[in-house]
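Dumped my_file13.cif below, it's mmCIF, C-alpha atoms and all ligand atoms:
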data_query
loop_
_atom_site.label_atom_id
_atom_site.label_comp_id
_atom_site.auth_asym_id
_atom_site.auth_seq_id
_atom_site.Cartn_x
_atom_site.Cartn_y
_atom_site.Cartn_z
CA MET T 1 24.17 78.67 -58.11
CA ALA T 2 23.65 75.40 -56.22
CA SER T 3 24.04 76.97 -52.80
CA ARG T 4 21.30 79.52 -53.61
CA SER T 5 18.68 76.80 -54.14
CA PRO T 6 16.22 76.66 -51.20
CA TYR T 7 15.51 73.00 -52.06
CA PRO T 8 17.66 69.87 -51.74
CA HIS T 9 20.16 70.25 -54.56
CA TYR T 10 21.91 67.55 -56.60
CA ASP T 11 24.62 67.84 -59.21
CA VAL T 12 22.70 65.35 -61.30
CA ILE T 13 19.11 64.10 -61.34
CA VAL T 14 18.33 61.15 -63.58
CA ILE T 15 14.68 60.45 -64.40
CA GLY T 16 14.30 56.71 -65.12
CA ALA T 17 16.03 53.93 -63.19
CA GLY T 18 16.37 51.58 -66.14
CA ALA T 19 19.51 50.37 -67.89
CA ALA T 20 20.67 53.75 -69.22
CA GLY T 21 19.68 55.75 -66.15
CA LEU T 22 21.47 53.46 -63.68
CA MET T 23 24.62 53.35 -65.83
CA CYS T 24 24.64 57.15 -66.06
CA ALA T 25 24.10 57.46 -62.29
CA LEU T 26 26.91 55.10 -61.31
CA THR T 27 29.30 56.74 -63.78
CA ALA T 28 28.52 60.25 -62.53
CA GLY T 29 28.61 59.07 -58.91
CA GLY T 30 32.02 57.52 -59.58
CA ARG T 31 33.22 60.99 -60.60
CA GLY T 32 32.17 62.38 -57.25
CA ARG T 33 28.88 63.90 -58.42
CA ARG T 34 25.92 64.03 -56.03
CA VAL T 35 23.30 62.00 -57.89
CA LEU T 36 19.57 61.34 -57.40
CA VAL T 37 17.66 58.84 -59.56
CA LEU T 38 13.86 59.13 -59.72
CA ASP T 39 11.55 56.45 -61.10
CA HIS T 40 7.77 56.36 -61.01
CA ALA T 41 7.67 52.53 -60.90
CA ASN T 42 7.67 50.51 -57.71
CA LYS T 43 11.08 48.98 -58.49
CA VAL T 44 14.10 49.71 -60.64
CA GLY T 45 15.21 47.98 -63.84
CA LYS T 46 11.96 46.18 -64.61
CA LYS T 47 12.86 45.69 -68.28
CA ILE T 48 16.27 44.35 -67.38
CA LEU T 49 14.53 41.83 -65.12
CA MET T 50 12.18 40.62 -67.85
CA SER T 51 14.78 40.71 -70.63
CA GLY T 52 16.27 37.71 -72.36
CA GLY T 53 13.57 35.43 -70.97
CA GLY T 54 14.71 36.33 -67.42
CA ARG T 55 18.41 35.86 -68.20
CA CYS T 56 19.15 39.32 -69.69
CA ASN T 57 21.02 39.32 -72.99
CA PHE T 58 23.14 42.13 -71.56
CA THR T 59 25.43 42.81 -74.52
CA ASN T 60 26.69 41.49 -77.84
CA ILE T 61 30.40 41.08 -78.48
CA HIS T 62 29.89 42.02 -82.15
CA CYS T 63 28.06 45.24 -81.30
CA GLY T 64 28.86 48.06 -83.73
CA PRO T 65 27.13 50.95 -85.49
CA GLU T 66 25.82 48.63 -88.22
CA HIS T 67 23.49 47.04 -85.66
CA PHE T 68 21.47 50.24 -85.09
CA LEU T 69 18.70 52.12 -86.84
CA SER T 70 18.65 55.89 -86.55
CA ALA T 71 17.95 58.81 -88.87
CA ASN T 72 21.65 59.59 -88.30
CA PRO T 73 23.54 56.27 -88.46
CA HIS T 74 26.80 57.96 -87.37
CA PHE T 75 25.38 59.21 -84.08
CA VAL T 76 26.07 56.00 -82.10
CA LYS T 77 29.74 55.77 -83.07
CA SER T 78 31.24 58.02 -80.42
CA ALA T 79 29.46 56.54 -77.38
CA LEU T 80 29.79 52.94 -78.59
CA SER T 81 33.52 53.30 -79.18
CA ARG T 82 34.13 54.79 -75.74
CA TYR T 83 32.08 52.19 -73.84
CA THR T 84 32.36 48.82 -75.56
CA PRO T 85 30.86 45.42 -74.73
CA TRP T 86 34.24 44.58 -73.14
CA HIS T 87 33.85 47.37 -70.59
CA PHE T 88 30.49 45.97 -69.54
CA ILE T 89 31.81 42.40 -69.54
CA ALA T 90 34.67 43.52 -67.26
CA LEU T 91 32.10 44.92 -64.82
CA VAL T 92 30.07 41.70 -64.96
CA GLU T 93 33.21 39.65 -64.28
CA GLN T 94 34.29 41.95 -61.46
CA HIS T 95 30.97 41.12 -59.78
CA GLY T 96 31.50 37.39 -60.33
CA ILE T 97 28.34 37.06 -62.43
CA PRO T 98 28.40 33.85 -64.46
CA TYR T 99 27.42 34.28 -68.13
CA HIS T 100 27.59 32.48 -71.45
CA GLU T 101 27.44 33.20 -75.16
CA LYS T 102 24.23 31.78 -76.59
CA LYS T 103 24.75 32.47 -80.30
CA LEU T 104 25.89 35.25 -82.63
CA GLY T 105 27.85 36.99 -79.86
CA GLN T 106 24.82 37.31 -77.56
CA LEU T 107 25.84 37.19 -73.87
CA PHE T 108 23.32 36.01 -71.28
CA CYS T 109 23.44 35.56 -67.50
CA ASP T 110 23.73 31.90 -66.48
CA ARG T 111 21.44 32.47 -63.51
CA SER T 112 19.11 35.44 -63.74
CA SER T 113 18.69 39.03 -64.90
CA LYS T 114 18.53 39.87 -61.20
CA ASP T 115 22.34 39.59 -61.21
CA ILE T 116 22.59 42.58 -63.58
CA VAL T 117 20.17 44.74 -61.62
CA GLY T 118 21.94 43.73 -58.38
CA MET T 119 25.28 44.71 -59.92
CA LEU T 120 24.06 48.13 -61.08
CA LEU T 121 22.50 48.84 -57.67
CA ALA T 122 25.68 47.76 -55.85
CA GLU T 123 27.73 50.08 -58.07
CA CYS T 124 25.31 52.94 -57.41
CA ARG T 125 25.41 52.28 -53.66
CA ALA T 126 29.20 52.22 -53.62
CA VAL T 127 29.37 55.77 -55.00
CA GLY T 128 26.50 57.17 -52.95
CA VAL T 129 23.80 57.46 -55.63
CA ALA T 130 20.36 58.05 -54.08
CA ILE T 131 17.49 56.16 -55.77
CA ARG T 132 13.81 56.86 -55.20
CA THR T 133 11.14 54.63 -56.67
CA ARG T 134 7.41 55.54 -56.78
CA SER T 135 8.60 59.07 -57.52
CA PRO T 136 6.90 60.53 -60.56
CA VAL T 137 7.97 64.02 -61.55
CA SER T 138 4.80 66.09 -61.66
CA ASP T 139 6.33 69.38 -62.74
CA LEU T 140 9.65 70.43 -64.15
CA ARG T 141 11.25 73.77 -65.01
CA LEU T 142 14.55 74.05 -66.80
CA GLY T 143 16.91 76.71 -65.58
CA ALA T 144 19.99 77.25 -63.51
CA PRO T 145 19.33 75.19 -61.53
CA HIS T 146 16.64 72.92 -62.99
CA TRP T 147 13.64 72.54 -60.67
CA LEU T 148 11.55 69.36 -60.28
CA SER T 149 8.46 68.60 -58.26
CA THR T 150 8.49 65.10 -56.70
CA PRO T 151 6.23 63.39 -54.13
CA GLN T 152 8.91 64.13 -51.50
CA GLY T 153 8.91 67.83 -52.37
CA PRO T 154 10.82 70.01 -54.84
CA VAL T 155 14.44 69.27 -55.71
CA THR T 156 16.91 71.08 -57.92
CA CYS T 157 19.89 69.99 -60.01
CA SER T 158 22.57 71.33 -62.32
CA SER T 159 22.27 68.46 -64.82
CA LEU T 160 19.03 66.70 -65.69
CA VAL T 161 19.20 63.37 -67.50
CA ILE T 162 16.12 61.92 -69.19
CA ALA T 163 16.34 58.12 -69.26
CA THR T 164 12.67 57.19 -69.34
CA GLY T 165 12.91 54.74 -72.26
CA GLY T 166 10.21 54.19 -74.87
CA TYR T 167 6.57 53.14 -75.07
CA SER T 168 7.04 49.37 -75.19
CA ILE T 169 5.32 47.24 -72.53
CA PRO T 170 3.19 49.93 -70.84
CA LYS T 171 2.24 47.31 -68.20
CA MET T 172 5.86 47.51 -66.98
CA GLY T 173 5.68 51.27 -66.44
CA ALA T 174 6.70 52.53 -69.89
CA THR T 175 5.53 56.07 -70.65
CA GLY T 176 6.06 58.72 -73.29
CA PHE T 177 7.49 61.09 -70.67
CA GLY T 178 10.77 61.75 -72.49
CA PHE T 179 9.11 62.23 -75.88
CA ASP T 180 6.48 64.59 -74.42
CA LEU T 181 9.09 66.60 -72.54
CA ALA T 182 11.23 66.93 -75.67
CA ARG T 183 8.26 68.13 -77.72
CA SER T 184 7.24 70.60 -75.03
CA LEU T 185 10.73 72.11 -75.24
CA GLY T 186 10.66 72.30 -79.02
CA ILE T 187 13.16 69.44 -79.40
CA PRO T 188 12.25 67.41 -82.50
CA VAL T 189 11.07 63.82 -81.97
CA ARG T 190 11.28 61.38 -84.89
CA PRO T 191 8.04 59.43 -85.45
CA THR T 192 7.81 56.48 -83.08
CA ARG T 193 6.51 52.96 -83.66
CA ALA T 194 6.79 49.50 -82.14
CA ALA T 195 9.86 47.52 -83.23
CA LEU T 196 11.32 44.09 -82.51
CA VAL T 197 7.70 43.02 -82.47
CA PRO T 198 5.68 40.06 -83.83
CA VAL T 199 3.60 40.77 -86.94
CA THR T 200 -0.09 39.95 -87.18
CA LEU T 201 -2.18 38.39 -89.93
CA GLU T 202 -5.93 38.86 -90.15
CA GLY T 203 -8.91 37.00 -91.57
CA ARG T 204 -8.25 34.14 -93.99
CA LYS T 205 -4.46 34.57 -93.78
CA ARG T 206 -4.58 34.09 -90.03
CA ARG T 207 -6.97 31.13 -90.17
CA GLN T 208 -4.83 29.37 -92.79
CA LEU T 209 -1.77 29.33 -90.55
CA GLN T 210 -3.15 29.59 -87.01
CA ASP T 211 -2.87 25.92 -86.13
CA LEU T 212 0.82 25.90 -87.01
CA ALA T 213 1.41 28.02 -83.87
CA GLY T 214 4.58 26.89 -82.14
CA VAL T 215 6.38 25.64 -85.26
CA ALA T 216 9.78 27.30 -85.87
CA LEU T 217 11.62 27.27 -89.21
CA ASP T 218 15.03 28.42 -90.39
CA SER T 219 14.82 31.35 -92.81
CA VAL T 220 16.35 34.38 -94.39
CA THR T 221 13.72 37.06 -93.77
CA ARG T 222 13.86 40.34 -95.68
CA ALA T 223 12.13 43.70 -95.19
CA GLY T 224 12.99 47.24 -96.20
CA GLY T 225 16.36 46.24 -97.64
CA ALA T 226 17.55 44.32 -94.56
CA ALA T 227 17.97 40.52 -94.34
CA PHE T 228 18.17 38.30 -91.28
CA ARG T 229 19.23 34.63 -91.14
CA GLU T 230 17.26 33.42 -88.13
CA ASN T 231 14.21 31.37 -87.22
CA ILE T 232 10.63 32.40 -87.82
CA LEU T 233 7.91 31.18 -85.47
CA PHE T 234 4.22 30.69 -86.29
CA THR T 235 1.94 32.18 -83.61
CA HIS T 236 -1.83 32.25 -83.05
CA ARG T 237 -1.91 35.85 -84.32
CA GLY T 238 0.68 35.70 -87.10
CA LEU T 239 4.45 35.39 -87.09
CA SER T 240 7.23 35.92 -84.57
CA GLY T 241 10.68 34.48 -83.86
CA PRO T 242 14.01 36.32 -84.09
CA ALA T 243 13.94 36.76 -87.89
CA ILE T 244 10.50 38.37 -87.80
CA LEU T 245 11.33 40.56 -84.80
CA GLN T 246 14.46 41.83 -86.54
CA ALA T 247 12.65 42.41 -89.83
CA SER T 248 9.79 44.23 -88.04
CA SER T 249 12.15 47.14 -87.36
CA TYR T 250 12.52 47.61 -91.13
CA TRP T 251 8.97 46.69 -92.16
CA GLN T 252 6.48 49.38 -93.13
CA PRO T 253 2.69 48.86 -93.18
CA GLY T 254 1.51 47.90 -96.64
CA GLU T 255 4.82 46.23 -97.51
CA PRO T 256 5.55 42.50 -97.65
CA LEU T 257 7.98 40.35 -95.72
CA GLU T 258 9.97 38.02 -97.94
CA ILE T 259 10.78 34.79 -96.17
CA ASP T 260 13.18 32.39 -97.84
CA LEU T 261 12.31 29.04 -96.31
CA PHE T 262 15.24 27.26 -98.00
CA PRO T 263 18.09 29.64 -97.15
CA ASP T 264 20.99 27.45 -98.25
CA THR T 265 19.35 25.84 -101.26
CA ASP T 266 18.43 26.70 -104.81
CA LEU T 267 15.02 25.09 -104.41
CA ALA T 268 14.29 24.68 -108.13
CA GLY T 269 17.67 22.99 -108.69
CA HIS T 270 17.12 20.80 -105.63
CA LEU T 271 13.67 19.73 -106.86
CA GLU T 272 15.04 18.87 -110.31
CA ALA T 273 17.86 16.83 -108.79
CA MET T 274 15.46 15.02 -106.44
CA ARG T 275 13.07 14.37 -109.34
CA ARG T 276 15.89 12.40 -110.94
CA GLU T 277 17.25 10.74 -107.79
CA ARG T 278 14.04 10.04 -105.81
CA PRO T 279 11.22 10.16 -108.40
CA ARG T 280 8.70 8.20 -106.26
CA LEU T 281 8.98 10.61 -103.33
CA THR T 282 6.00 12.92 -102.79
CA LEU T 283 6.49 16.67 -102.76
CA LYS T 284 5.03 16.84 -99.25
CA LYS T 285 7.62 14.37 -97.94
CA LEU T 286 10.48 16.22 -99.59
CA LEU T 287 9.42 19.68 -98.39
CA GLY T 288 8.79 18.25 -94.94
CA GLU T 289 12.49 17.44 -94.59
CA GLN T 290 13.12 21.21 -94.34
CA LEU T 291 9.77 22.73 -93.42
CA THR T 292 8.51 20.13 -90.90
CA ARG T 293 5.73 17.73 -91.79
CA ARG T 294 2.98 20.09 -90.60
CA VAL T 295 4.09 23.09 -92.61
CA ALA T 296 4.76 21.01 -95.74
CA GLN T 297 1.27 19.52 -95.45
CA ARG T 298 -0.30 22.99 -95.11
CA TRP T 299 1.67 24.39 -98.06
CA CYS T 300 0.48 21.46 -100.19
CA GLU T 301 -3.14 21.98 -99.07
CA LEU T 302 -3.02 25.68 -99.80
CA TRP T 303 -0.70 26.33 -102.67
CA LEU T 304 1.18 23.32 -104.03
CA PRO T 305 0.43 20.13 -105.90
CA ASP T 306 1.14 17.13 -103.69
CA ARG T 307 2.35 14.80 -106.41
CA ARG T 308 5.23 12.40 -106.78
CA LEU T 309 8.35 14.27 -107.86
CA GLU T 310 8.36 12.38 -111.20
CA GLN T 311 4.97 13.98 -111.98
CA LEU T 312 6.13 17.55 -111.45
CA THR T 313 6.33 19.74 -114.54
CA GLY T 314 8.74 22.65 -114.99
CA GLU T 315 5.80 24.98 -114.33
CA ASP T 316 5.04 23.11 -111.06
CA ILE T 317 8.65 23.55 -109.96
CA ARG T 318 8.49 27.27 -110.71
CA ARG T 319 5.30 27.59 -108.61
CA ILE T 320 6.81 25.64 -105.72
CA GLN T 321 9.86 27.85 -105.71
CA GLN T 322 7.65 30.95 -105.78
CA ALA T 323 5.72 29.73 -102.74
CA CYS T 324 8.82 29.07 -100.64
CA GLN T 325 11.71 31.09 -101.97
CA PRO T 326 10.68 33.56 -100.88
CA TRP T 327 7.34 32.97 -99.25
CA THR T 328 5.87 36.48 -99.55
CA VAL T 329 3.74 37.47 -96.57
CA TRP T 330 1.67 40.66 -96.31
CA PRO T 331 1.31 41.38 -92.57
CA ASP T 332 -1.76 43.37 -91.50
CA GLY T 333 0.09 45.00 -88.62
CA THR T 334 2.17 44.28 -85.55
CA GLU T 335 1.30 43.35 -81.97
CA GLY T 336 2.24 46.96 -81.09
CA TYR T 337 3.77 48.29 -77.90
CA ARG T 338 1.99 45.61 -75.83
CA THR T 339 4.69 43.07 -76.79
CA ALA T 340 7.34 45.12 -78.65
CA GLU T 341 10.85 44.99 -77.21
CA VAL T 342 11.66 48.53 -78.26
CA THR T 343 10.38 51.82 -79.68
CA LEU T 344 11.73 52.93 -83.02
CA GLY T 345 12.28 56.67 -83.45
CA GLY T 346 12.47 59.14 -80.59
CA VAL T 347 14.40 62.28 -79.68
CA ASP T 348 16.10 63.50 -82.84
CA THR T 349 19.84 62.94 -82.56
CA HIS T 350 20.51 66.23 -84.37
CA ALA T 351 19.40 67.97 -81.18
CA LEU T 352 22.05 66.12 -79.11
CA SER T 353 25.82 65.92 -78.86
CA SER T 354 26.93 62.41 -79.82
CA LYS T 355 29.84 62.72 -77.42
CA THR T 356 27.95 63.73 -74.27
CA MET T 357 24.25 63.21 -75.13
CA ALA T 358 23.69 66.82 -74.02
CA CYS T 359 20.96 68.82 -75.65
CA ARG T 360 22.41 71.50 -77.90
CA ASP T 361 19.79 74.14 -77.13
CA HIS T 362 19.12 73.42 -73.45
CA PRO T 363 22.18 73.63 -71.19
CA GLY T 364 22.39 70.87 -68.59
CA LEU T 365 19.72 68.65 -70.21
CA TYR T 366 20.59 65.15 -71.48
CA PHE T 367 18.69 62.32 -73.22
CA ILE T 368 20.04 58.76 -73.08
CA GLY T 369 18.97 55.20 -73.89
CA GLU T 370 15.87 54.19 -75.77
CA VAL T 371 14.20 57.62 -75.63
CA VAL T 372 16.74 58.71 -78.26
CA ASP T 373 16.21 57.91 -81.95
CA VAL T 374 18.58 54.92 -81.78
CA THR T 375 17.21 51.39 -82.01
CA GLY T 376 19.36 48.29 -81.90
CA HIS T 377 18.97 44.92 -83.52
CA LEU T 378 17.87 41.99 -81.40
CA GLY T 379 20.65 40.27 -79.47
CA GLY T 380 21.99 42.57 -76.75
CA HIS T 381 22.56 45.70 -78.86
CA ASN T 382 19.83 47.72 -77.16
CA PHE T 383 21.35 47.21 -73.75
CA GLN T 384 24.78 48.04 -75.13
CA TRP T 385 23.35 51.35 -76.38
CA ALA T 386 21.81 51.98 -72.94
CA TRP T 387 25.17 51.32 -71.22
CA ALA T 388 27.19 53.33 -73.76
CA SER T 389 24.88 56.37 -73.91
CA GLY T 390 24.45 56.31 -70.11
CA HIS T 391 28.20 56.20 -69.69
CA ALA T 392 28.75 59.05 -72.18
CA ALA T 393 26.37 61.33 -70.30
CA GLY T 394 27.63 60.12 -66.90
CA GLN T 395 31.12 61.29 -67.81
CA HIS T 396 29.95 64.79 -68.66
CA VAL T 397 27.17 65.70 -66.22
P1 LIG T 401 14.16 51.39 -69.68
O1 LIG T 401 12.81 51.13 -70.26
O2 LIG T 401 15.02 50.25 -69.31
O3 LIG T 401 14.02 52.29 -68.38
C1 LIG T 401 13.18 53.40 -68.34
C2 LIG T 401 12.85 53.67 -66.88
O4 LIG T 401 12.15 54.89 -66.82
C3 LIG T 401 11.95 52.61 -66.28
O5 LIG T 401 12.47 52.20 -65.04
C4 LIG T 401 10.60 53.31 -66.12
O6 LIG T 401 9.87 52.87 -64.99
C5 LIG T 401 11.05 54.75 -65.94
N1 LIG T 401 10.04 55.73 -66.34
C6 LIG T 401 9.26 55.72 -67.46
N2 LIG T 401 8.45 56.78 -67.44
C7 LIG T 401 8.73 57.48 -66.31
C8 LIG T 401 8.21 58.66 -65.74
N3 LIG T 401 7.23 59.32 -66.35
N4 LIG T 401 8.71 59.09 -64.55
C9 LIG T 401 9.69 58.39 -63.94
N5 LIG T 401 10.22 57.26 -64.41
C10 LIG T 401 9.74 56.81 -65.60
N6 LIG T 401 17.53 44.49 -74.95
C11 LIG T 401 18.69 43.80 -75.01
O7 LIG T 401 19.72 44.37 -75.37
N7 LIG T 401 18.72 42.47 -74.63
C12 LIG T 401 17.61 41.81 -74.22
O8 LIG T 401 17.68 40.63 -73.82
C13 LIG T 401 16.38 42.51 -74.22
N8 LIG T 401 15.22 41.88 -73.90
C14 LIG T 401 14.05 42.58 -73.82
C15 LIG T 401 12.87 41.91 -73.48
C16 LIG T 401 11.68 42.62 -73.38
C17 LIG T 401 10.42 41.89 -73.06
C18 LIG T 401 11.67 44.02 -73.63
C19 LIG T 401 10.42 44.81 -73.50
C20 LIG T 401 12.85 44.68 -73.98
C21 LIG T 401 14.03 43.97 -74.11
N9 LIG T 401 15.22 44.60 -74.50
C22 LIG T 401 16.38 43.88 -74.57
C23 LIG T 401 15.26 46.06 -74.77
C24 LIG T 401 15.81 46.78 -73.52
O9 LIG T 401 15.06 46.36 -72.39
C25 LIG T 401 15.69 48.29 -73.69
O10 LIG T 401 16.28 48.68 -74.90
C26 LIG T 401 16.38 48.99 -72.53
O11 LIG T 401 15.78 48.60 -71.31
C27 LIG T 401 16.31 50.50 -72.68
O12 LIG T 401 16.91 51.07 -71.56
P2 LIG T 401 16.44 52.48 -71.04
O13 LIG T 401 17.16 52.68 -69.75
O14 LIG T 401 16.56 53.50 -72.09
O15 LIG T 401 14.88 52.33 -70.74
#

Written as structure tokens, that's how I'd like the structure from this file.
Amino acid sequence: MASRSPYPHYDVIVIGAGAAGLMCALTAGGRGRRVLVLDHANKVGKKILMSGGGRCNFTNIHCGPEHFLSANPHFVKSALSRYTPWHFIALVEQHGIPYHEKKLGQLFCDRSSKDIVGMLLAECRAVGVAIRTRSPVSDLRLGAPHWLSTPQGPVTCSSLVIATGGYSIPKMGATGFGFDLARSLGIPVRPTRAALVPVTLEGRKRRQLQDLAGVALDSVTRAGGAAFRENILFTHRGLSGPAILQASSYWQPGEPLEIDLFPDTDLAGHLEAMRRERPRLTLKKLLGEQLTRRVAQRWCELWLPDRRLEQLTGEDIRRIQQACQPWTVWPDGTEGYRTAEVTLGGVDTHALSSKTMACRDHPGLYFIGEVVDVTGHLGGHNFQWAWASGHAAGQHV
């Protein structure tokens, strides 16, 4: 089959030189496969480079199926169990890359995300993987072999791996290539939307809170049945911070976010106790101990009576608790793909094998990484899915 192709032939062509695509390529190359990686961008791994504030939160030692959203929550189990965070950590250590745990099992490079891209490229080089940047695929026909049109001319392959990621950060080269291809082949694509994304407030709601931009507060933030104990951050457009980003993946337009601003405290009980112990204290002062002076002041201006604690009635205490525990916020939207870390939804997992990521109805076609309907929580889980799904396909192609 391969020898009959009049064009340069590869065992494997991977479209997308991001986290999943490079992992797939180096795994397949390590098995002796002839591999070509094509990317339309001017350099590889752009999202890895910008991730984790430039230090790449490359995995999470607590990564498990419970940290993923997908229409089929079982789908991730096979790949995640066969390529664990410890496999990736071993690779990182083998390359002498210094790293540290920041919090909650999140591992970051000490120096720079460049170390991770450098490592993946070195691994690809060592097993003879060819990588071409600035190489958009302008036409593609599935068959035996698959045929692709590239700026350097047509190429063919036995296995074609789609690793083009999602829509987030179009400025970095994100496209809907994988979703469009799937649809054109009749492969179902679950509805997509921006996730791990700040939420926006409009009009009066925005104006009321805008000048608190930059203030971070501890919280338990809830949306769509999920709860996250992390910070929220006020922004000029609305709310961000890890708790909001996490909750955004569960939030639906028209629904509220419930933000408990006193996560370890029964606020009503605390107020009653303080009313006895520190009756001359003002409410603003007391709330400020947890909420910062600026937020406490704004809450008192907007919603709460700034009286001495001894003057608070039971009804006052009930209102104060309602305004803080939880503080119920009705976002008007999100910042969208412009700033989202990931795309929720994607290629329906029912169309794929969870063991190999191969398409059930199209022999020799694979989808890996973010293009698949698998979305991780914040904290290194999305890269772990990219490594694990890339590895699963790389072992089979
Ligand atoms: P990825 O997007 O990495 O790669 C897709 C590749 O395909 C790109 O190189 C792109 O140029 C190429 N491509 C797209 N369309 C193409 C086309 N038509 N033709 C050819 N090539 C095409 N996750 C995490 O676990 N820890 C973290 O610290 C962060 N931090 C972070 C910060 C920011 C700002 C963002 C936007 C995202 C993160 N993430 C993250 C998420 C993480 O970056 C993401 O989940 C993975 O990069 C997904 O890997 P993929 O390989 O699937 O796609």

Who sits within 12 Å of Gly380 of chain T, all atoms listed in the file, same chain under 6 positions skipped, as a PDB file with C-alpha atoms, in the coordinates of the input:
ATOM      1  CA  ILE T  48      16.270  44.350 -67.380  1.00  0.00           C
ATOM      2  CA  SER T  51      14.780  40.710 -70.630  1.00  0.00           C
ATOM      3  CA  GLY T  52      16.270  37.710 -72.360  1.00  0.00           C
ATOM      4  CA  ARG T  55      18.410  35.860 -68.200  1.00  0.00           C
ATOM      5  CA  CYS T  56      19.150  39.320 -69.690  1.00  0.00           C
ATOM      6  CA  ASN T  57      21.020  39.320 -72.990  1.00  0.00           C
ATOM      7  CA  PHE T  58      23.140  42.130 -71.560  1.00  0.00           C
ATOM      8  CA  THR T  59      25.430  42.810 -74.520  1.00  0.00           C
ATOM      9  CA  ASN T  60      26.690  41.490 -77.840  1.00  0.00           C
ATOM     10  CA  ILE T  61      30.400  41.080 -78.480  1.00  0.00           C
ATOM     11  CA  HIS T  62      29.890  42.020 -82.150  1.00  0.00           C
ATOM     12  CA  CYS T  63      28.060  45.240 -81.300  1.00  0.00           C
ATOM     13  CA  GLY T  64      28.860  48.060 -83.730  1.00  0.00           C
ATOM     14  CA  HIS T  67      23.490  47.040 -85.660  1.00  0.00           C
ATOM     15  CA  PHE T  68      21.470  50.240 -85.090  1.00  0.00           C
ATOM     16  CA  PRO T  85      30.860  45.420 -74.730  1.00  0.00           C
ATOM     17  CA  PHE T  88      30.490  45.970 -69.540  1.00  0.00           C
ATOM     18  CA  GLU T 101      27.440  33.200 -75.160  1.00  0.00           C
ATOM     19  CA  LYS T 102      24.230  31.780 -76.590  1.00  0.00           C
ATOM     20  CA  LYS T 103      24.750  32.470 -80.300  1.00  0.00           C
ATOM     21  CA  LEU T 104      25.890  35.250 -82.630  1.00  0.00           C
ATOM     22  CA  GLY T 105      27.850  36.990 -79.860  1.00  0.00           C
ATOM     23  CA  GLN T 106      24.820  37.310 -77.560  1.00  0.00           C
ATOM     24  CA  LEU T 107      25.840  37.190 -73.870  1.00  0.00           C
ATOM     25  CA  PHE T 108      23.320  36.010 -71.280  1.00  0.00           C
ATOM     26  CA  CYS T 109      23.440  35.560 -67.500  1.00  0.00           C
ATOM     27  CA  GLU T 341      10.850  44.990 -77.210  1.00  0.00           C
ATOM     28  CA  ALA T 386      21.810  51.980 -72.940  1.00  0.00           C
ATOM     29  CA  TRP T 387      25.170  51.320 -71.220  1.00  0.00           C
TER      30      TRP T 387
END

Practice task
Mind checking which residues fall within 8 Å of Ser70 of chain T, counting all atoms listed in the file, ignoring those fewer than 4 positions away in the same chain, and posting them as JSON, numbers by chain?
Solution key: {"T": [75, 345, 373, 374, 375]}

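Closest to ligand LIG 401 (chain T) among T:Pro191, T:Gly238, T:Gly166, T:Gly30 is T:Gly166, based on all atoms listed in the file.
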
Taking a cut-off of 10 Å and counting only C-alpha atoms, can you build a table that, for each residue of segment 293-333 of chain T near segment 202-210 of chain T, reports the nearest atom pair and how far apart they are in Å (one decimal), sorted by chain then residue number, as CSV?
residue,atom,partner,partner_atom,distance
T:Val295,CA,T:Leu209,CA,8.8
T:Arg298,CA,T:Leu209,CA,7.9
T:Trp299,CA,T:Leu209,CA,9.6
T:Glu301,CA,T:Gln208,CA,9.8
T:Leu302,CA,T:Gln208,CA,8.1
T:Val329,CA,T:Lys205,CA,9.1
T:Trp330,CA,T:Lys205,CA,9.0
T:Pro331,CA,T:Glu202,CA,8.0
T:Asp332,CA,T:Glu202,CA,6.3
T:Gly333,CA,T:Glu202,CA,8.7

Problem - Closest of T:Leu196, T:Ala358, T:Ala90, T:Met50 to ligand LIG 401 (chain T) - atom-to-atom distances counting all atoms listed in the file - result: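 So, comparing all the options, the nearest one is T:Met50.
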
Handout entry: Of the listed residues T:Pro170, T:Pro145, T:Pro305, T:Pro263, that which approaches Ser158 of chain T most closely, counting only C-alpha atoms
Key =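 Under the stated criterion, the closest residue is T:Pro145.
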
Considering all atoms listed in the file, return as a compact mmCIF listing (two decimals) with C-alpha atoms, keeping the file's coordinate frame whatever protein or nucleic-acid residues lie within 8 Å of segment 318-326 of chain T, sequence-local ones (same chain, fewer than 6 positions apart) excluded.
# COMPACT_ATOMS: atom_id res chain seq x y z
CA GLU T 258 9.97 38.02 -97.94
CA ILE T 259 10.78 34.79 -96.17
CA ASP T 260 13.18 32.39 -97.84
CA LEU T 261 12.31 29.04 -96.31
CA PHE T 262 15.24 27.26 -98.00
CA LEU T 267 15.02 25.09 -104.41
CA ALA T 268 14.29 24.68 -108.13
CA TRP T 303 -0.70 26.33 -102.67
CA LEU T 304 1.18 23.32 -104.03
